[in-house]
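Here's the structure we're looking at; comments come further down.
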Amino acid sequence: MGSGIRAGVAATVLGLALAACGGGAPAGEGWQALDDENQTPGWPQGQAPQVDQGMLANAPEGPALQRQAAPPPMPPPPDTSRLQPAQIVDGNGFAQPMVASDVQVPAGWQTVGGVSWNDSTNCVANQLQVAWGAIAPDSLTAIEILPGFSWQVAGTEIQMNPCPAAPFRSTREFLEATVQRTRPGARVLDYQRLPDVEQQMAQAAQANPQAQVRHDAGRMLIGYDKDGVDMREMLSAAVTFSQAQGNVVAGTATIHSLRAPNGRLDMELSGRVAQSMRPNPQWMEAMKRRSMANVNRFHDGQRRSIDDWHNRQMAIINARGAADRHAIRMRTNQEVAGIYSAIAANTSATNDNIQRRTLEGIGEYNSYAGTDGSTVQSSIHGGSRVFQGNSDPNLVYSSNDPYHDPANATELERIP
């Protein structure tokens, strides 16, 4: 989980540094047509980045409607020859508002939005939200930075990583889902990879020997109707995919947008504005400290949860062990007591036997077990066989006749 969050923090830094990914060839040059059969996966429930609705006031609200009246006349193209300073401000990330980046925008354009923090998510890479834009006086032409997104690729997610699972396996899939979410009803016209940006990302990224890293940058051209005006918009993003032990995490700090009426999409302007961005080093350092503090706070919370779970399990094991040991002790005590009791009984019986044999020797008789449970004594000077009457137990006699077999008496056994 830590490597994914740290990758998201690094992506935030790279996202501002690589803002020029919106520049390059004009729309239509070297573009690849989209596959009509391509299916666009959706965003995970409740995990889509939050975009300032004020910035989207000029976005289409749905599919183009059939209009009875003729569209209003088009205003002249905005003058973008002169740039003026502007700022992207972090309004609530620290003790007081702090400039996140200086930027140049066309003179007379209105800027909206800035940097905010979403502390409701444990996915630290998704806490920083950049939502900023510069809108031309015609209210149609605009340059925007939309919040990025970090996720675990669905099917590879692990429970220890708090970032959501999403199905996007490429920048193209990610941008298609973004279009569906932020520009409902828009038509995806073209898509182009940006290998130069991917190379810059690879050069700027810090190598992680424990992960396989893939950089994927691209831009998507879409079209839609807005108040009867045929609009074109370019969305670009640079996503880093990092795989470690089967878990794939991906993320981009920002999405860059340029929109204008069809035929007026000025890619050169997008490049000029992007190249003018100068991140504030103090804000960058404060942002990294806050992000890493959140990472450590989450790790500490995880560690406490694991320790608490371990302690509970150990308490259960110890309690079970104590009960088992008590049962063993009780069983052992019972067995020892039984042994002592048997020894005492054997000793008593032995003593009784010794005393009986002594008395037999003195009295010159042997003892026999009577039929009624009594002890019958017979002189050693009599016969070797001793009989007791069946109907009269007091009738006892002895005989040496080996064939004597009386019907009304039982032969007794000598007590050893």
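Order determines the names: the first chain of the structure tokens is A, the second B, and so forth; residues in each chain are numbered 1 upward, and ligands are numbered 1 upward as they are shown.
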Exercise: Asp230 of chain A partners within 8 Å, only C-alpha atoms, chain neighbours under 4 positions left out, as a list in words: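 Skipping anything fewer than 4 positions along the chain leaves Gly223, Tyr224, Asp225, Lys226, Pro261 and Asn262 of chain A.
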Dump as a PDB file, in the first residue's frame, selection limited to C-alpha atoms:
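Resulting contents of result_23.pdb:
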ATOM      1  CA  GLY A 223     -17.364  16.744 -29.496  1.00  0.00           C
ATOM      2  CA  TYR A 224     -20.705  17.885 -28.113  1.00  0.00           C
ATOM      3  CA  ASP A 225     -23.405  20.503 -28.538  1.00  0.00           C
ATOM      4  CA  LYS A 226     -23.610  23.459 -26.161  1.00  0.00           C
ATOM      5  CA  PRO A 261     -16.119  25.899 -30.640  1.00  0.00           C
ATOM      6  CA  ASN A 262     -15.368  23.547 -33.514  1.00  0.00           C
TER       7      ASN A 262
END
Members of segment 70-173 of chain A assigned strand (DSSP E or B) by DSSP, as a PyMOL selection string: chain A and resi 83-90+98-106+110-117+128-135+142-153+165-166
Write the residues you've just listed into a file as a JSON list (two decimals), in the first residue's frame, and include C-alpha atoms for each of them.
[["chain", "number", "residue", "atom", "x", "y", "z"],
["A", 83, "LEU", "CA", -0.87, 36.57, -21.44],
["A", 84, "GLN", "CA", -1.26, 37.85, -17.92],
["A", 85, "PRO", "CA", -0.13, 36.35, -14.59],
["A", 86, "ALA", "CA", -2.51, 34.18, -12.61],
["A", 87, "GLN", "CA", -2.23, 31.79, -9.69],
["A", 88, "ILE", "CA", -3.52, 28.39, -8.67],
["A", 89, "VAL", "CA", -4.18, 28.70, -4.93],
["A", 90, "ASP", "CA", -4.47, 26.02, -2.24],
["A", 98, "MET", "CA", -0.86, 29.22, -0.29],
["A", 99, "VAL", "CA", -0.02, 29.63, -3.96],
["A", 100, "ALA", "CA", 0.45, 26.18, -5.48],
["A", 101, "SER", "CA", 1.59, 27.38, -8.90],
["A", 102, "ASP", "CA", 2.01, 30.53, -10.93],
["A", 103, "VAL", "CA", 0.65, 30.43, -14.46],
["A", 104, "GLN", "CA", 0.07, 32.72, -17.44],
["A", 105, "VAL", "CA", -3.43, 32.97, -18.97],
["A", 106, "PRO", "CA", -4.77, 35.09, -21.82],
["A", 110, "GLN", "CA", -11.46, 34.70, -15.73],
["A", 111, "THR", "CA", -9.86, 32.07, -13.49],
["A", 112, "VAL", "CA", -11.86, 29.82, -11.15],
["A", 113, "GLY", "CA", -11.13, 27.02, -8.72],
["A", 114, "GLY", "CA", -7.86, 25.94, -7.17],
["A", 115, "VAL", "CA", -6.46, 23.20, -4.92],
["A", 116, "SER", "CA", -8.50, 21.43, -2.25],
["A", 117, "TRP", "CA", -8.03, 18.40, 0.00],
["A", 128, "LEU", "CA", -5.17, 16.26, -3.18],
["A", 129, "GLN", "CA", -7.70, 17.65, -5.70],
["A", 130, "VAL", "CA", -6.69, 20.20, -8.34],
["A", 131, "ALA", "CA", -9.75, 21.78, -10.02],
["A", 132, "TRP", "CA", -8.88, 25.03, -11.76],
["A", 133, "GLY", "CA", -9.78, 26.75, -15.00],
["A", 134, "ALA", "CA", -9.40, 29.88, -17.10],
["A", 135, "ILE", "CA", -12.49, 30.87, -19.13],
["A", 142, "ALA", "CA", -11.60, 27.49, -21.67],
["A", 143, "ILE", "CA", -8.52, 25.78, -20.31],
["A", 144, "GLU", "CA", -9.08, 23.53, -17.29],
["A", 145, "ILE", "CA", -7.23, 21.27, -14.90],
["A", 146, "LEU", "CA", -9.51, 18.57, -13.51],
["A", 147, "PRO", "CA", -8.82, 16.32, -10.51],
["A", 148, "GLY", "CA", -6.89, 13.17, -11.25],
["A", 149, "PHE", "CA", -7.49, 9.77, -9.73],
["A", 150, "SER", "CA", -5.51, 6.91, -8.20],
["A", 151, "TRP", "CA", -6.82, 3.36, -8.11],
["A", 152, "GLN", "CA", -6.01, -0.34, -7.87],
["A", 153, "VAL", "CA", -6.63, -2.17, -11.13],
["A", 165, "ALA", "CA", -10.56, -0.67, -7.33],
["A", 166, "ALA", "CA", -11.38, 0.44, -10.86]]
Minimum-distance residue to Arg385 of chain A, chosen among A:Arg329, A:Arg278, A:Arg264, A:Arg414 (using only C-alpha atoms):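 Answer, going by the shortest atom-to-atom distance: A:Arg414.
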Atom CA of Ile158 of chain A to atom CA of Val295 of chain A, straight-line distance in Å: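 Calculated distance between atom CA of Val295 of chain A and atom CA of Ile158 of chain A is 16.8 Å.
Considering the residues A:Glu335, A:Glu360, A:Glu233, A:Glu413 and counting only C-alpha atoms, His256 of chain A has its shortest atom-to-atom contact with A:Glu233.
Proximity ranking of A:Ala327, A:Ala48, A:Ala293, A:Ala349 relative to Ala177 of chain A places A:Ala48 first, based on only C-alpha atoms.
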Length of the atom CA of Asp138 of chain A to atom CA of Pro77 of chain A vector [Å]: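 Atom CA of Asp138 of chain A sits 8.1 Å away from atom CA of Pro77 of chain A.
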Polymer residues at most 6 Å from segment 196-203 of chain A, only C-alpha atoms, same-chain spacing of 4 or more positions, as a ChimeraX atom specification: /A:215-217
Selection export as a PDB file, in the first residue's frame, atoms kept: C-alpha atoms:
ATOM      1  CA  HIS A 215       3.943   5.176 -18.107  1.00  0.00           C
ATOM      2  CA  ASP A 216       0.955   5.797 -20.383  1.00  0.00           C
ATOM      3  CA  ALA A 217       0.112   9.307 -21.617  1.00  0.00           C
TER       4      ALA A 217
END
Sel. of alpha helix (DSSP H) residues, segment 354-403 of chain A, as a ChimeraX atom specification: /A:354-363
Contacts of Pro406 of chain A within 12 Å, only C-alpha atoms, excl. fewer than 5 positions in-chain, as a list in words: Val386, Phe387, Gln388, Gly389, Asn390, Tyr397, Ser398, Ser399, Asp401 and Glu411 of chain A
For Asn353 of chain A, the nearest of the candidates A:Pro416, A:Leu235, A:Thr80, A:Arg320, counting only C-alpha atoms: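 Of the candidates, the smallest distance to Asn353 of chain A is held by A:Pro416.
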Nearest to Thr252 of chain A by atom-to-atom distance, counting only C-alpha atoms, from A:Val229, A:Met314, A:Ala125, A:Ala323: A:Ala125
Long-range neighbours of Pro162 of chain A as a VMD selection string, 9 Å cut-off, only C-alpha atoms, 4 positions minimum in chain: chain A and resid 1 121 to 124 158
